[in-house]
Every structure is written in C-alpha cells, then in structure tokens.
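> Supplied structure: work-v9.csv, CSV, C-alpha atoms.
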```
chain,number,residue,atom,x,y,z
Q,1118,MET,CA,2.2,22.5,28.0
Q,1119,ALA,CA,3.9,25.2,25.9
Q,1120,ALA,CA,6.2,22.7,24.4
Q,1121,MET,CA,3.3,20.4,23.6
Q,1122,ALA,CA,1.4,23.3,21.9
Q,1123,ALA,CA,4.4,23.9,19.6
Q,1124,VAL,CA,4.3,20.4,18.1
Q,1125,VAL,CA,0.5,19.6,18.2
Q,1126,PRO,CA,-0.9,19.7,14.7
Q,1127,ASP,CA,-3.2,22.6,14.0
Q,1128,TYR,CA,-5.0,23.2,10.8
Q,1129,GLU,CA,-3.4,25.3,8.1
Q,1130,LEU,CA,-6.5,24.9,5.9
Q,1131,ALA,CA,-9.6,24.2,7.9
Q,1132,GLU,CA,-11.0,20.7,7.5
Q,1133,LEU,CA,-8.3,19.7,5.0
Q,1134,TYR,CA,-4.8,19.5,6.3
Q,1135,THR,CA,-2.6,20.6,9.2
Q,1136,ARG,CA,0.5,22.6,9.4
Q,1137,ALA,CA,3.8,20.7,9.1
Q,1138,PHE,CA,5.1,19.2,12.3
Q,1139,ARG,CA,7.8,16.8,13.3
Q,1140,VAL,CA,6.4,13.3,13.8
Q,1141,GLY,CA,9.0,12.2,16.5
Q,1142,ALA,CA,8.5,15.4,18.5
Q,1143,LEU,CA,4.7,14.8,18.6
Q,1144,GLY,CA,5.2,11.3,20.0
Q,1145,LEU,CA,7.7,12.5,22.5
Q,1146,SER,CA,5.3,15.1,23.8
Q,1147,TRP,CA,2.5,12.5,24.2
Q,1148,ARG,CA,4.8,10.2,26.1
Q,1149,ARG,CA,5.8,13.0,28.5
Q,1150,LEU,CA,2.2,14.0,29.2
Q,1151,LEU,CA,0.7,10.5,29.5
Q,1152,GLY,CA,1.3,8.2,32.5
Q,1153,PRO,CA,2.5,4.6,32.4
Q,1154,ALA,CA,-1.1,3.3,32.7
Q,1155,ASP,CA,-2.1,5.2,29.5
Q,1156,LEU,CA,0.8,3.8,27.5
Q,1157,SER,CA,0.8,0.3,28.9
Q,1158,LEU,CA,0.1,-2.5,26.5
Q,1159,ALA,CA,0.3,-5.2,29.2
Q,1160,ALA,CA,-2.3,-4.1,31.8
Q,1161,GLU,CA,-5.2,-4.9,29.5
Q,1162,ALA,CA,-3.6,-8.2,28.4
Q,1163,GLU,CA,-3.4,-9.4,32.0
Q,1164,LYS,CA,-7.0,-8.5,32.5
Q,1165,GLU,CA,-7.9,-10.4,29.3
Q,1166,GLU,CA,-5.9,-13.4,30.5
Q,1167,GLU,CA,-8.0,-13.5,33.7
Q,1168,GLU,CA,-11.2,-13.3,31.7
Q,1169,ASP,CA,-10.0,-16.0,29.4
Q,1170,ALA,CA,-9.2,-18.3,32.3
Q,1171,ALA,CA,-12.7,-17.7,33.7
Q,1172,VAL,CA,-14.3,-18.5,30.3
Q,1173,ALA,CA,-12.1,-21.6,29.9
Q,1174,ALA,CA,-13.2,-22.9,33.3
Q,1175,ALA,CA,-16.9,-22.2,32.5
Q,1176,LEU,CA,-16.7,-23.9,29.1
Q,1177,GLY,CA,-14.3,-26.6,30.0
Q,1178,CYS,CA,-11.8,-25.7,27.2
Q,1179,ALA,CA,-8.2,-24.6,27.0
Q,1180,PRO,CA,-7.3,-21.0,27.8
Q,1181,GLY,CA,-6.0,-20.6,24.2
Q,1182,THR,CA,-9.4,-21.5,22.8
Q,1183,ALA,CA,-11.0,-19.0,25.0
Q,1184,ALA,CA,-8.6,-16.3,23.8
Q,1185,GLU,CA,-9.4,-17.1,20.2
Q,1186,LEU,CA,-13.1,-16.9,20.9
Q,1187,ARG,CA,-12.6,-13.4,22.5
Q,1188,ALA,CA,-10.6,-12.2,19.5
Q,1189,VAL,CA,-13.2,-13.4,17.0
Q,1190,CYS,CA,-16.1,-11.9,19.0
Q,1191,ARG,CA,-14.4,-8.6,19.3
Q,1192,ILE,CA,-13.7,-8.4,15.5
Q,1193,ARG,CA,-17.2,-9.5,14.7
Q,1194,LYS,CA,-18.7,-6.9,17.1
Q,1195,LYS,CA,-16.7,-4.1,15.4
Q,1196,ALA,CA,-17.7,-5.3,12.0
Q,1197,LEU,CA,-21.4,-5.4,12.9
Q,1198,GLU,CA,-21.3,-1.9,14.4
Q,1199,ARG,CA,-19.7,-0.5,11.3
Q,1200,ARG,CA,-22.1,-2.4,9.1
Q,1201,GLU,CA,-25.1,-0.9,10.9
Q,1202,GLU,CA,-23.7,2.6,10.3
Q,1203,THR,CA,-22.8,2.2,6.6
Q,1204,ILE,CA,-24.5,-0.7,5.0
Q,1205,VAL,CA,-27.9,0.0,3.4
Q,1206,VAL,CA,-28.6,-3.3,1.7
Q,1207,ASP,CA,-28.5,-6.2,4.2
Q,1208,ARG,CA,-26.0,-8.4,2.4
Q,1209,ALA,CA,-22.3,-8.7,2.4
Q,1210,CYS,CA,-20.4,-7.4,-0.6
Q,1211,ARG,CA,-17.0,-8.5,-1.8
Q,1212,GLN,CA,-15.4,-5.3,-0.6
Q,1213,GLU,CA,-16.9,-5.6,2.9
Q,1214,THR,CA,-15.9,-9.3,3.1
Q,1215,LEU,CA,-12.3,-8.5,2.1
Q,1216,THR,CA,-12.1,-5.7,4.7
Q,1217,TYR,CA,-13.4,-8.0,7.4
Q,1218,GLU,CA,-10.8,-10.7,6.5
Q,1219,MET,CA,-8.0,-8.2,6.5
Q,1220,GLU,CA,-9.0,-6.7,9.9
Q,1221,SER,CA,-9.3,-10.2,11.5
Q,1222,HIS,CA,-5.9,-11.2,10.2
Q,1223,ALA,CA,-4.0,-9.0,12.7
Q,1224,THR,CA,-6.3,-7.3,15.2
Q,1225,GLY,CA,-4.9,-7.8,18.7
Q,1226,LYS,CA,-2.2,-10.2,17.4
Q,1227,ARG,CA,0.9,-10.6,19.6
Q,1228,PRO,CA,4.2,-12.0,18.5
Q,1229,ASP,CA,5.4,-15.5,19.5
Q,1230,ASP,CA,8.9,-14.0,20.1
Q,1231,PRO,CA,8.8,-11.4,22.9
Q,1232,THR,CA,11.6,-9.4,21.2
Q,1233,ASP,CA,9.2,-8.7,18.3
Q,1234,LEU,CA,6.7,-7.0,20.6
Q,1235,ILE,CA,6.1,-3.3,19.8
Q,1236,GLU,CA,7.3,-0.9,22.5
Q,1237,GLU,CA,4.9,1.1,24.6
Q,1238,GLY,CA,4.4,4.6,23.3
Q,1239,GLU,CA,5.2,3.7,19.7
Q,1240,LEU,CA,3.6,5.9,17.1
Q,1241,LEU,CA,1.2,4.5,14.5
Q,1242,LEU,CA,0.6,6.3,11.2
Q,1243,THR,CA,-2.3,5.6,8.8
Q,1244,LEU,CA,-1.5,6.2,5.1
Q,1245,ASN,CA,-3.9,6.2,2.2
Q,1246,ILE,CA,-2.1,5.2,-1.1
Q,1247,PHE,CA,-4.0,6.2,-4.2
Q,1248,TYR,CA,-4.1,4.7,-7.7
Q,1249,PRO,CA,-1.4,5.9,-10.0
Q,1250,VAL,CA,-2.5,8.8,-12.2
Q,1251,ILE,CA,-2.5,6.6,-15.3
Q,1252,PHE,CA,-5.7,5.0,-13.9
Q,1253,GLN,CA,-8.0,7.8,-15.1
Q,1254,LYS,CA,-11.1,6.1,-13.6
Q,1255,HIS,CA,-9.8,6.2,-10.0
Q,1256,LYS,CA,-7.0,8.8,-9.9
Q,1257,ASP,CA,-9.1,11.6,-8.2
Q,1258,HIS,CA,-10.7,9.9,-5.3
Q,1259,LYS,CA,-9.9,6.2,-4.9
Q,1260,PRO,CA,-7.3,5.1,-2.4
Q,1261,TYR,CA,-6.5,1.5,-3.3
Q,1262,GLN,CA,-4.5,0.7,-0.1
Q,1263,THR,CA,-4.6,1.8,3.5
Q,1264,VAL,CA,-1.5,1.0,5.4
Q,1265,LEU,CA,-0.4,1.3,9.0
Q,1266,VAL,CA,3.3,2.0,9.6
Q,1267,LEU,CA,5.2,2.5,12.8
Q,1268,GLY,CA,7.1,5.7,13.6
Q,1269,SER,CA,10.3,3.8,14.1
Q,1270,GLN,CA,10.1,2.1,10.7
Q,1271,LYS,CA,12.3,3.1,7.7
Q,1272,LEU,CA,10.8,4.6,4.6
Q,1273,THR,CA,12.2,1.7,2.6
Q,1274,GLU,CA,10.0,-0.7,4.5
Q,1275,LEU,CA,6.9,1.2,3.2
Q,1276,ARG,CA,8.4,1.4,-0.2
Q,1277,ASP,CA,8.9,-2.4,-0.4
Q,1278,SER,CA,5.3,-3.1,0.9
Q,1279,ILE,CA,3.5,-1.0,-1.7
Q,1280,SER,CA,1.9,-3.2,-4.4
Q,1281,CYS,CA,1.6,-1.7,-7.9
Q,1282,VAL,CA,0.9,-3.4,-11.1
Q,1283,SER,CA,3.6,-1.3,-12.8
Q,1284,ASP,CA,6.3,-3.2,-10.8
Q,1285,LEU,CA,5.1,-6.5,-12.3
Q,1286,GLN,CA,5.2,-5.6,-16.0
Q,1287,ILE,CA,7.3,-7.5,-18.5
Q,1288,GLY,CA,8.7,-5.4,-21.3
Q,1289,GLY,CA,8.9,-6.5,-24.9
Q,1290,GLU,CA,7.0,-8.0,-27.8
Q,1291,PHE,CA,6.8,-11.8,-27.9
Q,1292,SER,CA,4.5,-12.9,-30.7
Q,1293,SER,CA,7.2,-14.9,-32.4
Q,1294,GLN,CA,8.5,-16.6,-29.3
Q,1295,PRO,CA,5.9,-16.5,-26.5
Q,1296,ASP,CA,7.8,-19.1,-24.5
Q,1297,GLN,CA,10.8,-16.9,-24.2
Q,1298,ALA,CA,9.1,-14.1,-22.3
Q,1299,PRO,CA,11.6,-13.1,-19.6
Q,1300,GLU,CA,11.0,-13.9,-15.9
Q,1301,HIS,CA,12.4,-10.6,-14.7
Q,1302,ILE,CA,9.8,-8.0,-13.8
Q,1303,SER,CA,10.1,-4.3,-13.9
Q,1304,LYS,CA,10.7,-4.0,-10.2
Q,1305,ASP,CA,13.8,-6.2,-10.6
Q,1306,LEU,CA,15.2,-4.1,-13.4
Q,1307,TYR,CA,14.2,-0.5,-12.4
Q,1308,LYS,CA,14.7,-0.2,-8.7
Q,1309,SER,CA,14.7,3.6,-8.4
Q,1310,ALA,CA,12.0,5.3,-6.5
Q,1311,PHE,CA,11.4,8.3,-4.2
Q,1312,PHE,CA,9.0,9.7,-1.6
Q,1313,TYR,CA,8.4,13.5,-1.5
Q,1314,PHE,CA,7.6,15.0,1.9
Q,1315,GLU,CA,7.7,18.7,2.6
Q,1316,GLY,CA,10.4,19.8,0.2
Q,1317,ILE,CA,12.6,16.7,0.5
Q,1318,PHE,CA,13.0,13.9,-2.0
Q,1319,TYR,CA,13.7,10.6,-0.2
Q,1320,ASN,CA,15.4,8.5,-2.9
Q,1321,ASP,CA,15.9,4.8,-2.7
Q,1322,LYS,CA,19.7,4.3,-3.1
Q,1323,ARG,CA,20.1,0.8,-1.7
Q,1324,TYR,CA,21.3,-0.7,-4.9
Q,1325,PRO,CA,24.1,0.3,-7.3
Q,1326,GLU,CA,21.7,0.6,-10.2
Q,1327,CYS,CA,19.4,3.1,-8.4
Q,1328,ARG,CA,19.3,6.6,-9.9
Q,1329,ASP,CA,18.3,9.8,-8.3
Q,1330,LEU,CA,14.9,10.3,-10.0
Q,1331,SER,CA,14.4,13.7,-8.3
Q,1332,ARG,CA,17.5,15.3,-9.9
Q,1333,THR,CA,15.6,16.4,-13.0
Q,1334,ILE,CA,12.8,18.0,-10.9
Q,1335,ILE,CA,15.2,19.8,-8.7
Q,1336,GLU,CA,17.3,21.2,-11.6
Q,1337,TRP,CA,14.1,22.2,-13.4
Q,1338,SER,CA,12.9,24.0,-10.3
Q,1339,GLU,CA,16.2,25.9,-9.8
Q,1340,SER,CA,16.7,26.8,-13.4
Q,1341,HIS,CA,13.2,28.4,-13.9
Q,1342,ASP,CA,12.7,29.9,-10.4
Q,1343,ARG,CA,9.4,28.1,-9.9
Q,1344,GLY,CA,9.1,29.2,-6.3
Q,1345,TYR,CA,10.1,25.8,-4.7
Q,1346,GLU,CA,13.1,26.9,-2.6
Q,1347,ASN,CA,15.6,24.6,-1.0
Q,1348,LEU,CA,14.5,21.3,-2.5
Q,1349,GLN,CA,16.7,18.6,-1.1
Q,1350,SER,CA,17.5,15.0,-2.1
Q,1351,VAL,CA,18.5,12.5,0.6
Q,1352,LYS,CA,18.7,8.7,0.9
Q,1353,MET,CA,15.4,7.0,1.8
Q,1354,GLU,CA,17.1,4.2,3.7
Q,1355,ASP,CA,18.6,6.7,6.2
Q,1356,TYR,CA,15.3,7.9,7.6
Q,1357,VAL,CA,12.4,6.6,9.7
Q,1358,PHE,CA,9.0,8.2,9.9
Q,1359,ASN,CA,9.8,9.8,13.3
Q,1360,ASP,CA,12.4,11.9,11.5
Q,1361,LEU,CA,9.9,13.4,9.1
Q,1362,SER,CA,8.0,16.7,9.1
Q,1363,LEU,CA,4.5,16.0,7.8
Q,1364,LYS,CA,1.0,17.5,7.4
Q,1365,VAL,CA,-1.9,15.3,8.3
Q,1366,GLY,CA,-4.4,15.3,5.3
Q,1367,PHE,CA,-1.9,16.8,2.8
Q,1368,PRO,CA,-1.2,15.0,-0.5
Q,1369,TYR,CA,2.4,13.8,-0.9
Q,1370,LEU,CA,4.0,11.8,-3.7
Q,1371,TYR,CA,5.5,8.3,-4.2
Q,1372,CYS,CA,7.1,7.8,-7.6
Q,1373,HIS,CA,8.6,4.6,-9.0
Q,1374,GLN,CA,9.3,3.0,-12.4
Q,1375,GLY,CA,10.3,6.5,-13.6
Q,1376,ASN,CA,6.9,8.0,-14.0
Q,1377,CYS,CA,4.4,5.9,-12.1
Q,1378,GLU,CA,3.1,8.4,-9.5
Q,1379,HIS,CA,0.9,7.7,-6.5
Q,1380,ILE,CA,-0.6,10.3,-4.1
Q,1381,ILE,CA,0.0,9.4,-0.5
Q,1382,ILE,CA,-2.0,11.0,2.3
Q,1383,ILE,CA,-1.3,10.6,6.0
Q,1384,THR,CA,-4.8,10.5,7.6
Q,1385,ASP,CA,-4.0,9.8,11.2
Q,1386,ILE,CA,-1.1,9.7,13.7
Q,1387,ARG,CA,-1.7,8.1,17.2
Q,1388,LEU,CA,-0.1,6.0,19.9
Q,1389,ILE,CA,-0.2,2.2,19.6
Q,1390,HIS,CA,-3.1,0.6,21.5
Q,1391,HIS,CA,-3.4,-2.9,23.1
Q,1392,ASP,CA,-6.1,-3.7,20.6
Q,1393,ASP,CA,-3.7,-3.1,17.7
Q,1394,CYS,CA,-1.5,-5.7,16.1
Q,1395,LEU,CA,1.6,-5.7,18.4
Q,1396,ASP,CA,3.8,-7.9,16.2
Q,1397,ARG,CA,6.5,-5.6,14.7
Q,1398,ASN,CA,7.2,-8.1,11.9
Q,1399,LEU,CA,3.7,-7.6,10.4
Q,1400,TYR,CA,4.2,-3.9,9.8
Q,1401,PRO,CA,3.7,-2.1,7.4
Q,1402,LEU,CA,0.3,-3.6,7.9
Q,1403,LEU,CA,-2.2,-3.5,5.0
Q,1404,VAL,CA,-5.7,-2.9,6.6
Q,1405,LYS,CA,-7.8,-2.0,3.6
Q,1406,LYS,CA,-7.6,-2.7,-0.1
Q,1407,HIS,CA,-9.9,-1.7,-2.9
Q,1408,TRP,CA,-11.4,-4.7,-4.8
Q,1409,LEU,CA,-10.8,-4.6,-8.5
Q,1410,CYS,CA,-12.7,-6.6,-11.2
Q,1411,THR,CA,-10.3,-8.7,-13.2
Q,1412,ARG,CA,-10.2,-8.5,-17.0
Q,1413,LYS,CA,-11.3,-11.9,-18.4
Q,1414,CYS,CA,-10.2,-13.6,-21.6
Q,1415,PHE,CA,-12.1,-12.4,-24.6
Q,1416,VAL,CA,-12.5,-16.0,-25.9
Q,1417,CYS,CA,-13.5,-18.2,-22.9
Q,1418,LYS,CA,-14.8,-15.4,-20.6
Q,1419,MET,CA,-13.6,-17.4,-17.6
Q,1420,TYR,CA,-9.9,-17.0,-16.9
Q,1421,THR,CA,-7.9,-13.8,-16.2
Q,1422,ALA,CA,-6.1,-12.3,-19.2
Q,1423,ARG,CA,-2.4,-13.1,-19.5
Q,1424,TRP,CA,-1.7,-11.7,-23.0
Q,1425,VAL,CA,-2.8,-8.5,-24.9
Q,1426,THR,CA,-2.5,-8.2,-28.6
Q,1427,ASN,CA,-2.4,-5.3,-31.0
Q,1428,ARG,CA,-3.0,-5.2,-34.8
Q,1429,ASP,CA,-4.4,-8.7,-34.4
Q,1430,SER,CA,-5.8,-10.1,-37.7
Q,1431,LEU,CA,-7.6,-12.9,-35.7
Q,1432,ALA,CA,-9.2,-10.6,-33.1
Q,1433,PRO,CA,-12.3,-8.4,-33.4
Q,1434,GLU,CA,-10.9,-5.8,-31.0
Q,1435,ASP,CA,-7.7,-3.8,-30.7
Q,1436,PRO,CA,-6.3,-4.3,-28.1
Q,1437,CYS,CA,-7.6,-7.7,-27.3
Q,1438,PHE,CA,-7.0,-9.8,-24.1
Q,1439,PHE,CA,-6.5,-13.5,-23.9
Q,1440,CYS,CA,-5.8,-16.1,-21.2
Q,1441,ASP,CA,-2.7,-18.2,-21.9
Q,1442,VAL,CA,-4.5,-21.3,-23.2
Q,1443,CYS,CA,-6.8,-19.4,-25.6
Q,1444,PHE,CA,-4.0,-17.2,-26.8
Q,1445,ARG,CA,-1.9,-20.1,-27.9
Q,1446,MET,CA,-4.8,-22.1,-29.4
Q,1447,LEU,CA,-5.9,-19.2,-31.5
Q,1448,HIS,CA,-2.6,-17.8,-32.6
Q,1449,TYR,CA,-0.3,-20.8,-33.1
Q,1450,ASP,CA,-0.5,-24.2,-34.8
Q,1451,ALA,CA,0.3,-27.6,-33.2
Q,1452,GLU,CA,4.1,-27.0,-33.9
Q,1453,GLY,CA,4.0,-23.6,-32.3
Q,1454,ASN,CA,4.2,-21.6,-35.6
Q,1455,LYS,CA,2.6,-18.2,-35.6
Q,1456,LEU,CA,-0.7,-17.8,-37.4
Q,1457,GLY,CA,-1.7,-14.5,-38.9
Q,1458,GLU,CA,-0.3,-11.1,-38.1
Q,1459,PHE,CA,-0.3,-9.6,-34.6
Q,1460,LEU,CA,1.8,-8.1,-31.8
Q,1461,ALA,CA,1.7,-9.9,-28.4
Q,1462,TYR,CA,2.7,-8.5,-25.0
Q,1463,PRO,CA,2.5,-10.1,-21.5
Q,1464,TYR,CA,-0.4,-8.6,-19.6
Q,1465,VAL,CA,-0.5,-8.2,-15.8
Q,1466,ASP,CA,-4.1,-7.6,-14.5
Q,1467,PRO,CA,-4.4,-5.2,-11.6
Q,1468,GLY,CA,-7.0,-7.5,-10.1
Q,1469,ILE,CA,-4.3,-10.0,-9.1
Q,1470,PHE,CA,-3.8,-8.1,-5.9
Q,1471,ASN,CA,-7.3,-9.1,-4.8
```
Transcribe the structure of this file into structure tokens.

Amino acid sequence: MAAMAAVVPDYELAELYTRAFRVGALGLSWRRLLGPADLSLAAEAEKEEEEDAAVAAALGCAPGTAAELRAVCRIRKKALERREETIVVDRACRQETLTYEMESHATGKRPDDPTDLIEEGELLLTLNIFYPVIFQKHKDHKPYQTVLVLGSQKLTELRDSISCVSDLQIGGEFSSQPDQAPEHISKDLYKSAFFYFEGIFYNDKRYPECRDLSRTIIEWSESHDRGYENLQSVKMEDYVFNDLSLKVGFPYLYCHQGNCEHIIIITDIRLIHHDDCLDRNLYPLLVKKHWLCTRKCFVCKMYTARWVTNRDSLAPEDPCFFCDVCFRMLHYDAEGNKLGEFLAYPYVDPGIFN
C-alpha cells in the first residue's frame, strides 16, 4: 500500500490539478492490487453471449442480431440518462446528435482479429484538446476534441490523429491562376511539431525535414534565467504515454505549423473496461467534437466558402468569402481572364471537421 500511495495522484492545487506522477507506475500499482476478475474483459463478454443466445432463442433471430440489439439499447439508455440530467429543452440539437453518433460508433466494439484485442489492465487516458489560441472566441474554455488514448500508444499516434484547420491551409495568392493552386497542404510541407509535458519537449523527428521547434524556447529560457530549469528535448516517436509524468487537470501544450498552439488537458486516467471499445486499431478514439457553423458563400448563401478575397473591387466586404462556383462566375470571364482587382486565397473552413 505504501508503494501505491507514492504513485496515486493527489491534488497539488485543490479542485484543479494533481501533482505529477508517472503514468506507467500508476497502472502497474492498480494491476498489483486488483484481482483477475477486476481486470478481466472476457468474463462479462461470456455472460453477454449467454444473454444474447437466450434473446435470440426467444425472438427467433440470429445471435449476432441479438448482440446488435443489446449494444444499441445500451447506448440509447446511456444517452437518455445523460439527456435527463443535462437537457432542458426536449429536442435534440446538432451537438447532442453528433455526440450520440460518435459514442455509438465504438462503444463495446471488439476487433474481428483477436490479435487486435486490447490487453487486460491497459490504461485509458482522456484528453481534452482545445482550440488554437488564434481562435479568440473559443480559446479560453472550448475544447473542440475529446480523445481517448491507450497508455501503450506512442505520442506520434496522438499527434497524427489531431485535426486542425491549420494543417489543411494552402499558402499563396492565386487570383491570376486559380486553377494552379497547389494540392500540397501545410501538413505535408511543415511536419514539425511538439508536445510539452512537465519540462520535456517531445519533438516529432520522424522525417528528415522536421525541425526542433523547442530549441528557440529552451535557448531563450537558458539565456535569460527565466526559472525553467532543466528543460529537455527528446524524440516524440520514442515515447509512449506510460513513459510520461503528468498532472491530471493541468494544461499542457501541443504546437505545430510553427506557431499554432493548442492547450491539452488530461482529464481522466483509468483502466480499460469491457464496455469500452476494445479494438486497438480504433485508438486514439475521438469521442466528442465541438460542432462548428460553416462559413457560407457571400453570394449564394448555400455552399461552404472555398475562396477568400482581399482588396476586392467586386465585393462589398474585405475580406469576402465565396464558394468555388460563385468565385469564378464573378471574378473571371468565359475565357478565364481576371475581372477587376483583387487578391484571392484558398480558404479552408473549420466546419469541414463536422
């Protein structure tokens, strides 16, 4: 018990975040204290198979159909319980519908290949990923993704799963030749990124073109004696979450595209349960996503904007947003010649992740 007490998270600041602890040590302590029955993922499955067989016999259907009915009823029951607690108006909103669809996608799902089944006693971490600070409207309190990751997964797997509109941007001005906008997006060109956890920068160095984005920060800290002692830089691809020391509830940092910064908060760490998704290939698992309104074309008011113009002599606003069809009809003649004076840039709407 003394060893367990040494790794159990306790609060450094009441009601906000814990002291730092080693993730892998916490999981090891849990596995030592809990018995096989507590860790088992198969015992409940065998019981459910028996219940499915009984239901299939009563309804005269296949056992697989009975299993699907059980999964749907379980998800619906949870959704109704949460709805009774949180919903005031008795109608489904887009955000609630989206959350329900995402939960139903993977709850209780088991892999077709037994080798992809998650091992008993695996740790499951819940992370809130916030909007980048350039989104002034949401930067203080709006997590736009909630993700589940396994303790045995590499940090690079989380890095690859994070969706951000900055990765999809196309650089350049294309008013003279809109058909020649490059197909390469920013994520293909600028692959550098890092996570910052407890004094360590975990840099993505998987590709030759990757740079150490943390070097400038470390040099600045050392040269001005800012009080950040022993900052380190390591390779992100060499570490899994079990290797990290973390604080639950504490804000950490994910930085990519040079200066696109996201706050990341670990809100929960627990053992995997038989009701969780047990297919390793589906992790990191996106379980919640904030619904964003898409920016519509200024002309037709129907389609999502694909172009943004500045200093546009044909538009009443600056900047002004257009779908591809309206942009070309307004700004070019039948031969594709440019009409008027304007600057045109490809636009990627954040709502595409809906």
> Could you check which of Q:Asn1347, Q:Ser1340, Q:Ser1362, Q:Gln1374 is closest to Lys1304 in chain Q, using all atoms listed in the file?
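Using all atoms listed in the file, the shortest distance to Lys1304 in chain Q belongs to Q:Gln1374.
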> Figure out the distance between CA of Leu1234 in chain Q and CA of Asp1393 in chain Q, please, to one decimal in Å.
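Atom-to-atom, CA of Asp1393 in chain Q and CA of Leu1234 in chain Q are spaced 11.5 Å apart.
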> Quick check, in Å to one decimal: how far apart do CA of Leu1330 in chain Q and CA of Gly1468 in chain Q lie?
28.2 Å
> For a quick check of your reading of the model, name the residues lying within 8 Å of the coordinate (-2.5, -0.6, 2.1), counting all atoms listed in the file, and write them as an NGL selection string.
:Q and (1244-1246 or 1261-1265 or 1279 or 1402-1406)
> Rounded to one decimal in Å, what is the spacing between CA of Cys1437 in chain Q and CA of Phe1415 in chain Q?
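We find that CA of Cys1437 in chain Q and CA of Phe1415 in chain Q lie 7.0 Å from each other.
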> Neighbours of Ala1137 in chain Q within 8 Å (all atoms listed in the file; same-chain residues fewer than 5 positions away dropped), as a PDB file with C-alpha atoms, in the coordinates of the input?

```
ATOM      1  CA  PRO Q1126      -0.900  19.700  14.700  1.00  0.00           C
ATOM      2  CA  GLU Q1315       7.700  18.700   2.600  1.00  0.00           C
ATOM      3  CA  SER Q1362       8.000  16.700   9.100  1.00  0.00           C
ATOM      4  CA  LEU Q1363       4.500  16.000   7.800  1.00  0.00           C
ATOM      5  CA  LYS Q1364       1.000  17.500   7.400  1.00  0.00           C
ATOM      6  CA  VAL Q1365      -1.900  15.300   8.300  1.00  0.00           C
TER       7      VAL Q1365
END
```
> When distances are computed from all atoms listed in the file, which of Q:Val1351, Q:Ala1310, Q:Leu1388, Q:Leu1456 shows the smallest separation from Leu1267 in chain Q?
Q:Leu1388
> Excluding same-chain residues fewer than 3 positions from Tyr1420 in chain Q, what lies within 9 Å of it counting all atoms listed in the file, as a ChimeraX atom specification?
/Q:1412-1414,1417,1423,1439-1441
